[in-house]
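Down below is the structure, laid out as structure tokens.
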Amino acid sequence: TSHEFWHTYSRGGTVRDAARAHAHYMVGQCAYFAQALDDPEYLDDNGKTIFENAMVTFATEAGSGNHDVSRANELELANVFHAISPAGGKFRTGHIDLGVVDAQNLYNTMLAAHGVPASELLGEGNADVDAILAS
């Protein structure tokens with residue numbers, strides 16, 4: 001993971017280059033996986049791909065390696081993005097500018113849309129990222 005880059009290259013100017021190269025590689029691997037899930041040769045019973053029906057999210061929550069902070073407005077996570085699948089029509093896809101959103105709230109919104117009870121959500125259980133909901 002990128003986390004190891006921050007520990008290994010924490011001294012000197014190479015940390016950003018190494019982490020950027022690693023993130024580029026990992027996002028490429030995620031794109032390959034998403035394309036495989038979106039293969040029209042393997043449609044579900046409803047005529048949609050696995051990717052269209054499943055809840056899949058890819059995120060770049062890697063900045064300074066500070067995994068204790070999940071808010072996008074923190075300097076360490078200034079370049080965070082999330083890519084999510086339609087999840088059977090539950091979520092909007094494409095570019096959605098979420099502004100400053102706590103990643104836990106995003107994940108909780110996704111979980112709540114699938115019926116996970118509030119008592120089982122992450123952190124404080126906030127599921128208030130309505131911008132991603134399809135309806």
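In the structure tokens, chains take the letters A, B, ... in the order shown, each chain's residues start at 1, and ligands count up from 1 in the order shown.
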
- Task: Could you give me, as number ranges by chain, the residues within 10 Å of segment 107-112 of chain A, counting only C-alpha atoms and dropping anything in the same chain fewer than 2 positions from it?
- Result: A: 55-57, 84, 87, 90-91, 102-105, 114-118, 120-133

- Pick out the closest residue to Ala54 of chain A from this set: A:Gly88, A:Gly28, A:Gly94, A:Pro40. Count only C-alpha atoms. A:Gly88

Just want the 8 Å neighbourhood of Thr49 of chain A, counted on only C-alpha atoms, with same-chain residues fewer than 2 positions away dropped. Output as a PDB file with C-alpha atoms, in the first residue's frame.
ATOM      1  CA  LEU A  37     -16.626  -6.772 -13.507  1.00  0.00           C
ATOM      2  CA  ASP A  38     -18.293  -4.740 -16.263  1.00  0.00           C
ATOM      3  CA  ASP A  39     -17.805  -7.438 -18.912  1.00  0.00           C
ATOM      4  CA  PRO A  40     -21.051  -7.755 -20.938  1.00  0.00           C
ATOM      5  CA  TYR A  42     -21.187 -12.220 -17.978  1.00  0.00           C
ATOM      6  CA  LEU A  43     -24.528 -10.544 -17.353  1.00  0.00           C
ATOM      7  CA  ASP A  44     -26.664 -11.113 -14.274  1.00  0.00           C
ATOM      8  CA  GLY A  47     -29.312  -8.091 -17.989  1.00  0.00           C
ATOM      9  CA  PHE A  51     -20.283  -4.019 -11.750  1.00  0.00           C
ATOM     10  CA  GLU A  52     -23.664  -2.378 -12.356  1.00  0.00           C
ATOM     11  CA  ASN A  53     -25.355  -4.554  -9.742  1.00  0.00           C
TER      12      ASN A  53
END

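Separating atom CA of Ile50 of chain A from atom CA of Ser85 of chain A is a distance of 9.7 Å.
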